[in-house]
Amino acid sequence: MILAATWSEIWSAWGDVFTTASLASMVAAAGPLIYATIGETITEKAGVINLSLEGSLMLSALAGFGTAFVADNVLIGFLAAAAVGAAIAALIAFASIELRLDQIAVGFVMTLLAIDLSDYLGNRFVGEAGPAVPAWPIPGLSDIPWIGEVLFDHNLSVYGSFVVVIVAYIFIYRTRRGLELQGIGERPEGAFARGVAVNRMRYFYTIVGGSLVGVAGAAFSLDQRLGWREGLTRNLGWIALAIVIFGGWHPIRVAIGAILFGFLQVVALQFQPVFPGVSQVLPTIPFPLMILALVIVYTDWFRRLGDRYPRLRGILAADPPSGIGVAFHPE
C-alpha cells in the first residue's frame, strides 16, 4: 500500500535526492535533453517547427549506437547520429520551404517513419554491448568538494551540453547573426527587406538544430541508456518539445527545464523502494508533471501575473516567435 511508508522513510528518500551522487546523476540525465531542446529552440527561433523529435531521437540513437558498434568508435557514432538528425530536419525544411507543405503534418509523418525505421533496422543490435562514452573527470575541478562531483566528474558528452547552452545563449542574444536568427523567426518580411536570405537561413538553422537532436539521440544510446532496444527514447521527443515551450524559447530557461525533468526522474527513482506498490508507475510521473507545468504556464492567471510584474514577464509569459510555422515566400 502507498500509505504503508512511514514519514521517516519518506524523509530519508527525499534526503537521498539531494546527495552529491543523485545531483550528479540529475545533471548527467539532463545532458541529452539539453542537446535536443537547444536544437529545437534554434530551429523554432528560425520560424520552423521540427515536430519529428520523437522519431529523430529514436533513429539517431540507433544510428549512433549501430555505427559506434560497427566502427568501435564513439566519435564516429555521434557524427552518424548528427547526420541522421540533420537529414530529417533538412527534409522538413524542404517540405516547408520548397513544397509549401504544413510543417506539423510533415513532422508527424517523419516521426512515424523514423520510429518504424528504427524498429526495423535496430533488430540486429538489440542486446549488443557496444562502446560507451568514457568518463573524464576534469583534473582539479573534479576534486572540489560537492560541486566537483556534481558538475565536473562526468564525460565529454555531459560537458558538451554545458557548452551548447552557453554558446547558444551568446550567439542568439549577443551577436549580429543571432539577431538575424531572431528576425527570420519573428519578422521574416522585415529581415528580408534588410537583405537577409530568410529561406536559406531557415534551411541552415533547421539543419543545425536537427544535428543537435541527432547528438541527443547518440547521447542516450552511448551514454545514458547504453545499448539499443525498441523504444529506447520513447516519449522523450515530446517531452523535449514541451520543455522548449516551457522554457519560453530561451536557451537558459530551456536548459533549466531539462534539468528539472532530470530532477523529477531522480526523485522517482529514489522513491521507488519507499512505495513498492506503485513502483511501476513512479518512473512515468515526470512526464505528466512536465505537461501539467506546461499547462499552468499557459493559463490566463499565470500570464496576468507576468503582466502585473513586468520584470518577470519574460520568465512567466514568454511568447513563441511570431513567424513560427509560417512559410515565407518572397514575391
# chains A, B, ... in the order shown; residues from 1 in each chain; ligands from 1
>>> residues_around(residues="A:Leu181", least_positions_apart="4", cutoff="10 Å", atoms="only C-alpha atoms", output="ChimeraX atom specification")
/A:42-47,171-173,175-177,185-186,188,191,196,198,201-202,205
>>> select_by_dssp(residues="stretch 156-305 of chain A", states="alpha helix (DSSP H)", output="ChimeraX atom specification")
/A:156-174,176-186,188-193,198-219,236-246,251-271,286-297,300-305
>>> atom_distance(atom1="atom CA of A:Tyr120", atom2="atom CA of A:Arg229")
11.1 Å
>>> residues_around(residues="stretch 68-81 of chain A", least_positions_apart="5", cutoff="6 Å", atoms="only C-alpha atoms", output="PDB file with N, CA and C atoms, in the first residue's frame")
ATOM      1  N   SER A  60      18.217   8.458 -34.535  1.00  0.00           N
ATOM      2  CA  SER A  60      19.603   8.884 -34.325  1.00  0.00           C
ATOM      3  C   SER A  60      20.260   8.102 -33.190  1.00  0.00           C
ATOM      4  N   ALA A  63      21.278   5.030 -34.929  1.00  0.00           N
ATOM      5  CA  ALA A  63      22.406   5.307 -35.822  1.00  0.00           C
ATOM      6  C   ALA A  63      23.691   5.503 -35.034  1.00  0.00           C
ATOM      7  N   GLY A 130      27.874  -2.429 -26.816  1.00  0.00           N
ATOM      8  CA  GLY A 130      28.781  -1.646 -27.649  1.00  0.00           C
ATOM      9  C   GLY A 130      29.622  -0.687 -26.839  1.00  0.00           C
ATOM     10  N   GLY A 214      20.160  14.977 -33.247  1.00  0.00           N
ATOM     11  CA  GLY A 214      20.868  13.727 -33.509  1.00  0.00           C
ATOM     12  C   GLY A 214      21.913  13.431 -32.458  1.00  0.00           C
ATOM     13  N   VAL A 215      22.653  14.439 -32.044  1.00  0.00           N
ATOM     14  CA  VAL A 215      23.639  14.264 -30.974  1.00  0.00           C
ATOM     15  C   VAL A 215      22.945  13.806 -29.689  1.00  0.00           C
ATOM     16  N   ALA A 218      22.352  10.080 -29.854  1.00  0.00           N
ATOM     17  CA  ALA A 218      23.585   9.324 -29.572  1.00  0.00           C
ATOM     18  C   ALA A 218      23.949   9.398 -28.096  1.00  0.00           C
TER      19      ALA A 218
END
>>> atom_distance(atom1="atom CA of A:Ser211", atom2="atom CA of A:Ser56")
9.7 Å
>>> atom_distance(atom1="atom CA of A:Thr20", atom2="atom CA of A:Val244")
27.4 Å
>>> closest_residue(among="A:Tyr169, A:Phe162, A:Tyr35, A:Phe220", to="A:Ala132", atoms="only C-alpha atoms")
A:Phe220
>>> closest_residue(among="A:Asp153, A:Asp119, A:Asp143, A:Asp102", to="A:Gly55", atoms="only C-alpha atoms")
A:Asp119
>>> closest_residue(among="A:Ala240, A:Leu62, A:Ala90, A:Ala197", to="A:Arg124", atoms="only C-alpha atoms")
A:Leu62
>>> closest_residue(among="A:Gly85, A:Thr19, A:Ile252, A:Leu264", to="A:Ile166", atoms="only C-alpha atoms")
A:Ile252
>>> residues_around(residues="A:Pro137", least_positions_apart="3", cutoff="12 Å", atoms="only C-alpha atoms", output="list in words")
Pro134, Gly140, Leu141, Ser142, Asp143, Ile144, Gly148, Glu149, Val150, Leu151, Phe152, Asp153, His154, Asn155, Leu156, Ser157, Val158 and Tyr159 of chain A
>>> write_last_selection(atoms="N, CA and C atoms", output="mmCIF file, in the first residue's frame")
data_model
loop_
_atom_site.group_PDB
_atom_site.id
_atom_site.type_symbol
_atom_site.label_atom_id
_atom_site.label_comp_id
_atom_site.auth_asym_id
_atom_site.auth_seq_id
_atom_site.Cartn_x
_atom_site.Cartn_y
_atom_site.Cartn_z
ATOM 1 N N PRO A 134 33.571 7.387 -22.575
ATOM 2 C CA PRO A 134 34.372 7.138 -21.363
ATOM 3 C C PRO A 134 34.274 8.294 -20.374
ATOM 4 N N GLY A 140 41.563 18.668 -11.276
ATOM 5 C CA GLY A 140 41.493 19.844 -10.418
ATOM 6 C C GLY A 140 40.066 20.200 -10.048
ATOM 7 N N LEU A 141 39.226 20.452 -11.062
ATOM 8 C CA LEU A 141 37.845 20.859 -10.793
ATOM 9 C C LEU A 141 37.025 19.731 -10.175
ATOM 10 N N SER A 142 37.275 18.510 -10.608
ATOM 11 C CA SER A 142 36.502 17.382 -10.068
ATOM 12 C C SER A 142 36.825 17.106 -8.604
ATOM 13 N N ASP A 143 37.921 17.674 -8.087
ATOM 14 C CA ASP A 143 38.302 17.462 -6.695
ATOM 15 C C ASP A 143 37.683 18.483 -5.749
ATOM 16 N N ILE A 144 37.001 19.489 -6.308
ATOM 17 C CA ILE A 144 36.350 20.487 -5.463
ATOM 18 C C ILE A 144 35.214 19.822 -4.688
ATOM 19 N N GLY A 148 32.431 19.685 -7.367
ATOM 20 C CA GLY A 148 33.275 18.942 -8.290
ATOM 21 C C GLY A 148 32.607 17.665 -8.755
ATOM 22 N N GLU A 149 32.014 16.914 -7.818
ATOM 23 C CA GLU A 149 31.344 15.672 -8.179
ATOM 24 C C GLU A 149 30.068 15.920 -8.962
ATOM 25 N N VAL A 150 29.367 17.002 -8.623
ATOM 26 C CA VAL A 150 28.091 17.289 -9.280
ATOM 27 C C VAL A 150 28.289 17.761 -10.718
ATOM 28 N N LEU A 151 29.273 18.624 -10.962
ATOM 29 C CA LEU A 151 29.413 19.256 -12.273
ATOM 30 C C LEU A 151 30.612 18.803 -13.092
ATOM 31 N N PHE A 152 31.675 18.349 -12.457
ATOM 32 C CA PHE A 152 32.925 18.150 -13.195
ATOM 33 C C PHE A 152 33.465 16.725 -13.134
ATOM 34 N N ASP A 153 32.599 15.775 -12.759
ATOM 35 C CA ASP A 153 33.027 14.382 -12.692
ATOM 36 C C ASP A 153 32.188 13.541 -13.670
ATOM 37 N N HIS A 154 32.124 13.996 -14.913
ATOM 38 C CA HIS A 154 31.279 13.354 -15.910
ATOM 39 C C HIS A 154 32.122 12.934 -17.122
ATOM 40 N N ASN A 155 31.574 13.121 -18.315
ATOM 41 C CA ASN A 155 32.308 12.811 -19.540
ATOM 42 C C ASN A 155 32.085 13.929 -20.559
ATOM 43 N N LEU A 156 32.707 13.789 -21.724
ATOM 44 C CA LEU A 156 32.651 14.857 -22.711
ATOM 45 C C LEU A 156 31.236 15.098 -23.230
ATOM 46 N N SER A 157 30.405 14.066 -23.236
ATOM 47 C CA SER A 157 29.024 14.245 -23.676
ATOM 48 C C SER A 157 28.276 15.206 -22.753
ATOM 49 N N VAL A 158 28.452 15.046 -21.455
ATOM 50 C CA VAL A 158 27.782 15.924 -20.491
ATOM 51 C C VAL A 158 28.381 17.328 -20.537
ATOM 52 N N TYR A 159 29.704 17.423 -20.577
ATOM 53 C CA TYR A 159 30.334 18.742 -20.643
ATOM 54 C C TYR A 159 29.910 19.480 -21.914
#
>>> decode(residues="stretch 21-161 of chain A", atoms="C-alpha atoms", output="PDB file, in the first residue's frame")
ATOM      1  CA  ALA A  21      25.643  11.307  -6.300  1.00  0.00           C
ATOM      2  CA  SER A  22      21.954  11.939  -7.016  1.00  0.00           C
ATOM      3  CA  LEU A  23      22.547  15.526  -8.096  1.00  0.00           C
ATOM      4  CA  ALA A  24      25.378  14.381 -10.352  1.00  0.00           C
ATOM      5  CA  SER A  25      23.095  11.799 -11.959  1.00  0.00           C
ATOM      6  CA  MET A  26      20.459  14.521 -12.423  1.00  0.00           C
ATOM      7  CA  VAL A  27      22.948  16.697 -14.320  1.00  0.00           C
ATOM      8  CA  ALA A  28      24.041  13.740 -16.442  1.00  0.00           C
ATOM      9  CA  ALA A  29      20.440  12.725 -17.197  1.00  0.00           C
ATOM     10  CA  ALA A  30      19.663  16.250 -18.391  1.00  0.00           C
ATOM     11  CA  GLY A  31      22.529  16.224 -20.917  1.00  0.00           C
ATOM     12  CA  PRO A  32      20.789  14.510 -23.866  1.00  0.00           C
ATOM     13  CA  LEU A  33      17.614  16.542 -23.347  1.00  0.00           C
ATOM     14  CA  ILE A  34      19.656  19.743 -23.339  1.00  0.00           C
ATOM     15  CA  TYR A  35      21.064  18.900 -26.772  1.00  0.00           C
ATOM     16  CA  ALA A  36      17.581  18.153 -28.107  1.00  0.00           C
ATOM     17  CA  THR A  37      15.878  21.187 -26.580  1.00  0.00           C
ATOM     18  CA  ILE A  38      18.591  23.636 -27.603  1.00  0.00           C
ATOM     19  CA  GLY A  39      18.476  22.196 -31.124  1.00  0.00           C
ATOM     20  CA  GLU A  40      14.711  22.641 -31.292  1.00  0.00           C
ATOM     21  CA  THR A  41      14.990  26.125 -29.775  1.00  0.00           C
ATOM     22  CA  ILE A  42      17.343  27.184 -32.576  1.00  0.00           C
ATOM     23  CA  THR A  43      15.032  25.649 -35.183  1.00  0.00           C
ATOM     24  CA  GLU A  44      11.920  27.346 -33.832  1.00  0.00           C
ATOM     25  CA  LYS A  45      13.739  30.641 -33.386  1.00  0.00           C
ATOM     26  CA  ALA A  46      14.225  30.484 -37.156  1.00  0.00           C
ATOM     27  CA  GLY A  47      10.483  30.032 -37.657  1.00  0.00           C
ATOM     28  CA  VAL A  48      10.407  26.283 -38.388  1.00  0.00           C
ATOM     29  CA  ILE A  49       8.707  23.644 -36.230  1.00  0.00           C
ATOM     30  CA  ASN A  50      10.531  20.320 -36.241  1.00  0.00           C
ATOM     31  CA  LEU A  51       7.827  18.110 -34.813  1.00  0.00           C
ATOM     32  CA  SER A  52       9.765  14.961 -35.668  1.00  0.00           C
ATOM     33  CA  LEU A  53      11.793  14.981 -32.431  1.00  0.00           C
ATOM     34  CA  GLU A  54      10.255  11.759 -31.133  1.00  0.00           C
ATOM     35  CA  GLY A  55      11.275   9.879 -34.262  1.00  0.00           C
ATOM     36  CA  SER A  56      14.523  11.785 -34.795  1.00  0.00           C
ATOM     37  CA  LEU A  57      15.750  10.888 -31.317  1.00  0.00           C
ATOM     38  CA  MET A  58      14.884   7.233 -31.816  1.00  0.00           C
ATOM     39  CA  LEU A  59      16.505   6.864 -35.243  1.00  0.00           C
ATOM     40  CA  SER A  60      19.603   8.884 -34.325  1.00  0.00           C
ATOM     41  CA  ALA A  61      20.013   6.841 -31.120  1.00  0.00           C
ATOM     42  CA  LEU A  62      20.058   3.723 -33.273  1.00  0.00           C
ATOM     43  CA  ALA A  63      22.406   5.307 -35.822  1.00  0.00           C
ATOM     44  CA  GLY A  64      24.777   6.440 -33.092  1.00  0.00           C
ATOM     45  CA  PHE A  65      24.924   3.099 -31.340  1.00  0.00           C
ATOM     46  CA  GLY A  66      24.940   0.992 -34.509  1.00  0.00           C
ATOM     47  CA  THR A  67      27.730   2.996 -36.148  1.00  0.00           C
ATOM     48  CA  ALA A  68      29.804   3.090 -32.964  1.00  0.00           C
ATOM     49  CA  PHE A  69      29.300  -0.666 -32.543  1.00  0.00           C
ATOM     50  CA  VAL A  70      30.415  -1.464 -36.098  1.00  0.00           C
ATOM     51  CA  ALA A  71      33.292   1.040 -36.163  1.00  0.00           C
ATOM     52  CA  ASP A  72      34.177   0.566 -32.483  1.00  0.00           C
ATOM     53  CA  ASN A  73      34.436   4.337 -32.243  1.00  0.00           C
ATOM     54  CA  VAL A  74      32.142   6.549 -30.154  1.00  0.00           C
ATOM     55  CA  LEU A  75      33.030   9.752 -32.027  1.00  0.00           C
ATOM     56  CA  ILE A  76      32.007   8.244 -35.369  1.00  0.00           C
ATOM     57  CA  GLY A  77      28.755   7.158 -33.727  1.00  0.00           C
ATOM     58  CA  PHE A  78      27.995  10.721 -32.639  1.00  0.00           C
ATOM     59  CA  LEU A  79      28.798  12.037 -36.127  1.00  0.00           C
ATOM     60  CA  ALA A  80      26.492   9.480 -37.732  1.00  0.00           C
ATOM     61  CA  ALA A  81      23.676  10.353 -35.320  1.00  0.00           C
ATOM     62  CA  ALA A  82      24.137  14.071 -36.005  1.00  0.00           C
ATOM     63  CA  ALA A  83      23.957  13.368 -39.749  1.00  0.00           C
ATOM     64  CA  VAL A  84      20.687  11.444 -39.333  1.00  0.00           C
ATOM     65  CA  GLY A  85      19.137  14.242 -37.264  1.00  0.00           C
ATOM     66  CA  ALA A  86      20.311  16.828 -39.800  1.00  0.00           C
ATOM     67  CA  ALA A  87      18.904  14.811 -42.709  1.00  0.00           C
ATOM     68  CA  ILE A  88      15.439  14.543 -41.127  1.00  0.00           C
ATOM     69  CA  ALA A  89      15.472  18.269 -40.341  1.00  0.00           C
ATOM     70  CA  ALA A  90      16.541  19.073 -43.917  1.00  0.00           C
ATOM     71  CA  LEU A  91      13.579  17.089 -45.257  1.00  0.00           C
ATOM     72  CA  ILE A  92      11.212  19.045 -43.024  1.00  0.00           C
ATOM     73  CA  ALA A  93      12.744  22.356 -44.166  1.00  0.00           C
ATOM     74  CA  PHE A  94      12.496  21.294 -47.819  1.00  0.00           C
ATOM     75  CA  ALA A  95       8.863  20.234 -47.452  1.00  0.00           C
ATOM     76  CA  SER A  96       8.026  23.550 -45.783  1.00  0.00           C
ATOM     77  CA  ILE A  97      10.045  25.953 -47.907  1.00  0.00           C
ATOM     78  CA  GLU A  98      10.035  24.389 -51.356  1.00  0.00           C
ATOM     79  CA  LEU A  99       6.883  22.248 -51.345  1.00  0.00           C
ATOM     80  CA  ARG A 100       4.911  24.596 -49.059  1.00  0.00           C
ATOM     81  CA  LEU A 101       3.523  21.722 -47.013  1.00  0.00           C
ATOM     82  CA  ASP A 102       2.245  22.024 -43.458  1.00  0.00           C
ATOM     83  CA  GLN A 103       5.201  21.705 -41.067  1.00  0.00           C
ATOM     84  CA  ILE A 104       3.211  19.996 -38.343  1.00  0.00           C
ATOM     85  CA  ALA A 105       1.788  17.354 -40.685  1.00  0.00           C
ATOM     86  CA  VAL A 106       5.220  16.670 -42.181  1.00  0.00           C
ATOM     87  CA  GLY A 107       6.709  16.425 -38.693  1.00  0.00           C
ATOM     88  CA  PHE A 108       4.169  13.803 -37.642  1.00  0.00           C
ATOM     89  CA  VAL A 109       4.791  11.763 -40.776  1.00  0.00           C
ATOM     90  CA  MET A 110       8.568  11.907 -40.262  1.00  0.00           C
ATOM     91  CA  THR A 111       8.113  10.865 -36.633  1.00  0.00           C
ATOM     92  CA  LEU A 112       6.180   7.740 -37.587  1.00  0.00           C
ATOM     93  CA  LEU A 113       8.594   6.905 -40.409  1.00  0.00           C
ATOM     94  CA  ALA A 114      11.690   7.326 -38.226  1.00  0.00           C
ATOM     95  CA  ILE A 115      10.248   5.216 -35.390  1.00  0.00           C
ATOM     96  CA  ASP A 116       9.326   2.405 -37.769  1.00  0.00           C
ATOM     97  CA  LEU A 117      12.764   2.549 -39.401  1.00  0.00           C
ATOM     98  CA  SER A 118      14.498   2.382 -36.037  1.00  0.00           C
ATOM     99  CA  ASP A 119      12.427  -0.649 -35.032  1.00  0.00           C
ATOM    100  CA  TYR A 120      13.168  -2.437 -38.305  1.00  0.00           C
ATOM    101  CA  LEU A 121      16.849  -1.568 -38.655  1.00  0.00           C
ATOM    102  CA  GLY A 122      17.643  -1.959 -34.963  1.00  0.00           C
ATOM    103  CA  ASN A 123      16.793  -5.664 -34.636  1.00  0.00           C
ATOM    104  CA  ARG A 124      20.379  -6.804 -35.145  1.00  0.00           C
ATOM    105  CA  PHE A 125      21.671  -4.523 -32.364  1.00  0.00           C
ATOM    106  CA  VAL A 126      19.221  -5.496 -29.628  1.00  0.00           C
ATOM    107  CA  GLY A 127      21.130  -6.868 -26.638  1.00  0.00           C
ATOM    108  CA  GLU A 128      24.544  -5.996 -28.051  1.00  0.00           C
ATOM    109  CA  ALA A 129      27.113  -4.421 -25.717  1.00  0.00           C
ATOM    110  CA  GLY A 130      28.781  -1.646 -27.649  1.00  0.00           C
ATOM    111  CA  PRO A 131      31.188   1.165 -26.829  1.00  0.00           C
ATOM    112  CA  ALA A 132      30.286   3.966 -24.440  1.00  0.00           C
ATOM    113  CA  VAL A 133      31.458   7.498 -23.810  1.00  0.00           C
ATOM    114  CA  PRO A 134      34.372   7.138 -21.363  1.00  0.00           C
ATOM    115  CA  ALA A 135      34.381   9.004 -18.068  1.00  0.00           C
ATOM    116  CA  TRP A 136      36.627  12.046 -17.987  1.00  0.00           C
ATOM    117  CA  PRO A 137      36.774  13.879 -14.650  1.00  0.00           C
ATOM    118  CA  ILE A 138      38.219  17.351 -15.178  1.00  0.00           C
ATOM    119  CA  PRO A 139      41.575  17.470 -13.348  1.00  0.00           C
ATOM    120  CA  GLY A 140      41.493  19.844 -10.418  1.00  0.00           C
ATOM    121  CA  LEU A 141      37.845  20.859 -10.793  1.00  0.00           C
ATOM    122  CA  SER A 142      36.502  17.382 -10.068  1.00  0.00           C
ATOM    123  CA  ASP A 143      38.302  17.462  -6.695  1.00  0.00           C
ATOM    124  CA  ILE A 144      36.350  20.487  -5.463  1.00  0.00           C
ATOM    125  CA  PRO A 145      34.089  19.378  -2.583  1.00  0.00           C
ATOM    126  CA  TRP A 146      30.473  18.791  -3.599  1.00  0.00           C
ATOM    127  CA  ILE A 147      30.433  20.944  -6.751  1.00  0.00           C
ATOM    128  CA  GLY A 148      33.275  18.942  -8.290  1.00  0.00           C
ATOM    129  CA  GLU A 149      31.344  15.672  -8.179  1.00  0.00           C
ATOM    130  CA  VAL A 150      28.091  17.289  -9.280  1.00  0.00           C
ATOM    131  CA  LEU A 151      29.413  19.256 -12.273  1.00  0.00           C
ATOM    132  CA  PHE A 152      32.925  18.150 -13.195  1.00  0.00           C
ATOM    133  CA  ASP A 153      33.027  14.382 -12.692  1.00  0.00           C
ATOM    134  CA  HIS A 154      31.279  13.354 -15.910  1.00  0.00           C
ATOM    135  CA  ASN A 155      32.308  12.811 -19.540  1.00  0.00           C
ATOM    136  CA  LEU A 156      32.651  14.857 -22.711  1.00  0.00           C
ATOM    137  CA  SER A 157      29.024  14.245 -23.676  1.00  0.00           C
ATOM    138  CA  VAL A 158      27.782  15.924 -20.491  1.00  0.00           C
ATOM    139  CA  TYR A 159      30.334  18.742 -20.643  1.00  0.00           C
ATOM    140  CA  GLY A 160      29.310  19.349 -24.239  1.00  0.00           C
ATOM    141  CA  SER A 161      25.746  20.023 -23.095  1.00  0.00           C
TER     142      SER A 161
END
